[in-house]
file query-v4.txt (compact mmCIF, C-alpha atoms)
# COMPACT_ATOMS: atom_id res chain seq x y z
CA MET A 1 -1.15 5.08 -12.59
CA GLY A 2 -1.17 2.57 -9.77
CA LEU A 3 1.97 0.78 -10.88
CA PRO A 4 4.17 -0.50 -8.06
CA ILE A 5 7.92 -0.01 -8.14
CA ASN A 6 10.80 -1.52 -6.21
CA ILE A 7 13.63 0.84 -5.35
CA VAL A 8 17.05 -0.14 -4.04
CA LEU A 9 18.42 2.99 -2.37
CA VAL A 10 22.10 2.96 -1.45
CA ASP A 11 22.93 5.33 1.41
CA ASN A 12 26.62 6.18 1.63
CA CYS A 13 26.09 9.11 4.01
CA GLY A 14 25.84 11.75 1.29
CA PHE A 15 28.53 11.86 -1.33
CA GLY A 16 30.84 8.98 -0.42
CA CYS A 17 32.30 8.70 -3.93
CA ILE A 18 33.34 12.36 -3.89
CA GLN A 19 34.72 11.87 -0.38
CA ARG A 20 36.91 9.02 -1.68
CA LEU A 21 38.12 11.11 -4.62
CA GLN A 22 39.32 13.80 -2.25
CA LYS A 23 40.64 11.45 0.41
CA PHE A 24 42.45 8.90 -1.73
CA GLY A 25 43.28 10.61 -4.98
CA ASN A 26 43.58 14.35 -5.04
CA GLY A 27 45.55 15.23 -1.94
CA ILE A 28 42.79 17.62 -0.96
CA GLU A 29 41.50 17.90 2.58
CA GLN A 30 37.97 16.48 2.69
CA PHE A 31 35.08 18.79 3.36
CA GLY A 32 31.30 18.82 3.22
CA ASN A 33 30.73 15.47 1.55
CA LEU A 34 29.29 13.36 4.34
CA GLN A 35 26.08 14.26 6.10
CA GLN A 36 26.58 14.39 9.85
CA HIS A 37 22.96 13.70 10.75
CA GLY A 38 21.86 11.85 7.64
CA VAL A 39 18.48 11.73 5.97
CA ASP A 40 15.64 9.68 7.39
CA PHE A 41 14.99 7.75 4.19
CA VAL A 42 12.48 5.47 5.91
CA GLN A 43 10.18 8.32 6.94
CA ASN A 44 10.79 10.08 3.65
CA ALA A 45 9.66 7.02 1.68
CA LYS A 46 6.62 6.50 3.88
CA SER A 47 5.64 10.16 3.43
CA LEU A 48 5.58 9.50 -0.32
CA GLY A 49 3.20 6.57 0.10
CA VAL A 50 5.67 3.69 0.03
CA GLU A 51 4.07 0.79 1.86
CA ILE A 52 7.11 -1.40 2.56
CA VAL A 53 10.47 0.05 3.61
CA VAL A 54 13.22 -2.35 4.60
CA LYS A 55 16.69 -1.53 5.92
CA THR A 56 19.32 -4.04 4.88
CA THR A 57 23.04 -4.45 4.15
CA THR A 58 24.91 -5.28 0.98
CA ASP A 59 25.51 -8.81 2.29
CA LYS A 60 21.81 -9.41 2.99
CA LEU A 61 20.30 -7.58 0.01
CA LYS A 62 19.63 -10.62 -2.16
CA ASP A 63 17.88 -12.51 0.65
CA THR A 64 15.94 -9.39 1.63
CA LEU A 65 14.66 -8.95 -1.94
CA PHE A 66 13.52 -12.59 -2.12
CA GLU A 67 11.79 -12.21 1.23
CA HIS A 68 9.87 -9.04 0.39
CA VAL A 69 9.24 -9.16 -3.37
CA THR A 70 6.53 -11.80 -3.37
CA PRO A 71 3.27 -12.44 -5.22
CA ALA A 72 1.39 -11.45 -2.05
CA ASN A 73 2.73 -7.90 -2.10
CA LYS A 74 3.48 -7.41 -5.78
CA GLN A 75 1.11 -4.42 -5.99
CA LYS A 76 2.90 -2.51 -3.22
CA CYS A 77 5.68 0.04 -3.70
CA LYS A 78 8.82 -1.00 -1.87
CA VAL A 79 12.08 0.71 -0.91
CA PHE A 80 15.11 -1.31 0.15
CA LEU A 81 17.54 0.94 2.01
CA VAL A 82 21.11 -0.35 1.85
CA GLU A 83 23.36 1.44 4.31
CA THR A 84 27.00 1.33 3.21
CA ASP A 85 30.38 2.54 4.41
CA PRO A 86 31.24 5.75 2.54
CA ASP A 87 34.94 4.82 2.51
CA ILE A 88 34.46 1.53 0.67
CA SER A 89 34.00 1.39 -3.11
CA SER A 90 32.17 -1.21 -5.11
CA PRO A 91 34.19 -4.28 -6.11
CA GLY A 92 36.36 -3.92 -9.19
CA TYR A 93 38.47 -1.05 -10.37
CA SER A 94 37.66 2.22 -12.02
CA TRP A 95 39.48 5.48 -12.32
CA TRP A 96 37.80 8.84 -12.70
CA ASP A 97 39.77 11.43 -14.61
CA VAL A 98 39.52 14.13 -11.96
CA ALA A 99 42.71 16.14 -11.92
CA PRO A 100 44.10 17.64 -8.73
CA PRO A 101 44.87 21.37 -8.94
CA GLY A 102 47.76 22.17 -11.27
CA VAL A 103 49.23 24.85 -9.00
CA SER A 104 49.47 24.56 -5.23
CA SER A 105 51.84 25.17 -2.35
CA GLU A 106 50.44 22.15 -0.47
CA PRO A 107 52.87 19.19 -0.71
CA SER A 108 50.03 16.64 -0.69
CA ILE A 109 48.38 18.31 -3.68
CA VAL A 110 51.69 18.61 -5.59
CA ALA A 111 52.30 14.88 -4.99
CA ALA A 112 48.75 14.02 -6.04
CA ARG A 113 49.21 16.02 -9.28
CA LYS A 114 52.44 14.13 -10.05
CA ASN A 115 50.67 10.81 -9.40
CA TYR A 116 47.79 11.97 -11.62
CA HIS A 117 50.15 12.62 -14.55
CA GLN A 118 51.68 9.16 -14.14
CA LYS A 119 48.21 7.54 -14.21
CA VAL A 120 47.14 9.52 -17.27
CA SER A 121 50.31 8.55 -19.12
CA SER A 122 49.81 4.89 -18.22
CA ILE A 123 46.17 4.87 -19.35
CA ARG A 124 46.84 6.73 -22.59
CA ALA A 125 49.66 4.30 -23.41
CA LYS A 126 47.09 1.46 -23.33
CA LEU A 127 44.66 3.22 -25.67

call {"tool": "encode", "arguments": {"input": "query-v4.txt", "output": "structure tokens"}}
result
Amino acid sequence: MGLPINIVLVDNCGFGCIQRLQKFGNGIEQFGNLQQHGVDFVQNAKSLGVEIVVKTTTDKLKDTLFEHVTPANKQKCKVFLVETDPDISSPGYSWWDVAPPGVSSEPSIVAARKNYHQKVSSIRAKL
């Protein structure tokens, strides 16, 4: 169709949000969520015909967009790759209702399940 698109691609090394759920909420030992060698998103985008690929950070994203999304290159497809820390969440607060296992001999999982029940009770009381 010949229509250009601008893509902001956030790279948190795989599945950073799932990593945080395991690490900070469920008492489960983390496994298999972060990619050790990563994906070469720059080469991947170029192989798909993207003409402009820019690596940036969350702090510099706004300036990077203003620099590269211009009338001169408005007909070009662009990818802005934002590399982030997989252990840091977006600002604000949210809580996913992902329960730890109900039966376990692992003390960390038993404690996480108890904490889960306290959170659920607190949230339901507000509804």

call {"tool": "residues_around", "arguments": {"input": "query-v4.txt", "residues": "Lys78 of chain A", "least_positions_apart": "2", "cutoff": "10 Å", "atoms": "all atoms listed in the file", "output": "list in words"}}
result
Pro4, Ile5, Asn6, Ile7, Val8, Ala45, Lys46, Gly49, Val50, Glu51, Ile52, Val53, Val54, Leu65, His68, Val69, Asn73, Lys74, Gln75, Lys76, Phe80 and Leu81 of chain A

call {"tool": "closest_residue", "arguments": {"input": "query-v4.txt", "among": "A:Thr58, A:Gln19, A:Ser122, A:Gln36", "to": "Asp87 of chain A", "atoms": "all atoms listed in the file"}}
result
A:Gln19

call {"tool": "atom_distance", "arguments": {"input": "query-v4.txt", "atom1": "atom CA of Lys60 of chain A", "atom2": "atom CA of Cys77 of chain A"}}
result
19.9 Å

call {"tool": "axis_aligned_box", "arguments": {"input": "query-v4.txt", "around": "segment 14-21 of chain A", "padding_each_side": "8 Å", "output": "JSON"}}
result
{"center_x": 32.0, "center_y": 10.5, "center_z": -1.7, "size_x": 28.3, "size_y": 19.7, "size_z": 21.9}

call {"tool": "residues_around", "arguments": {"input": "query-v4.txt", "residues": "Lys23 of chain A", "least_positions_apart": "3", "cutoff": "12 Å", "atoms": "only C-alpha atoms", "output": "VMD selection string"}}
result
chain A and resid 16 to 20 26 to 31 33 86 to 88 100 108 to 109 112

call {"tool": "closest_residue", "arguments": {"input": "query-v4.txt", "among": "A:Leu48, A:His37, A:Ser121, A:Leu9", "to": "Leu61 of chain A", "atoms": "all atoms listed in the file"}}
result
A:Leu9

call {"tool": "atom_distance", "arguments": {"input": "query-v4.txt", "atom1": "atom CA of Pro107 of chain A", "atom2": "atom CA of Gln35 of chain A"}}
result
28.1 Å
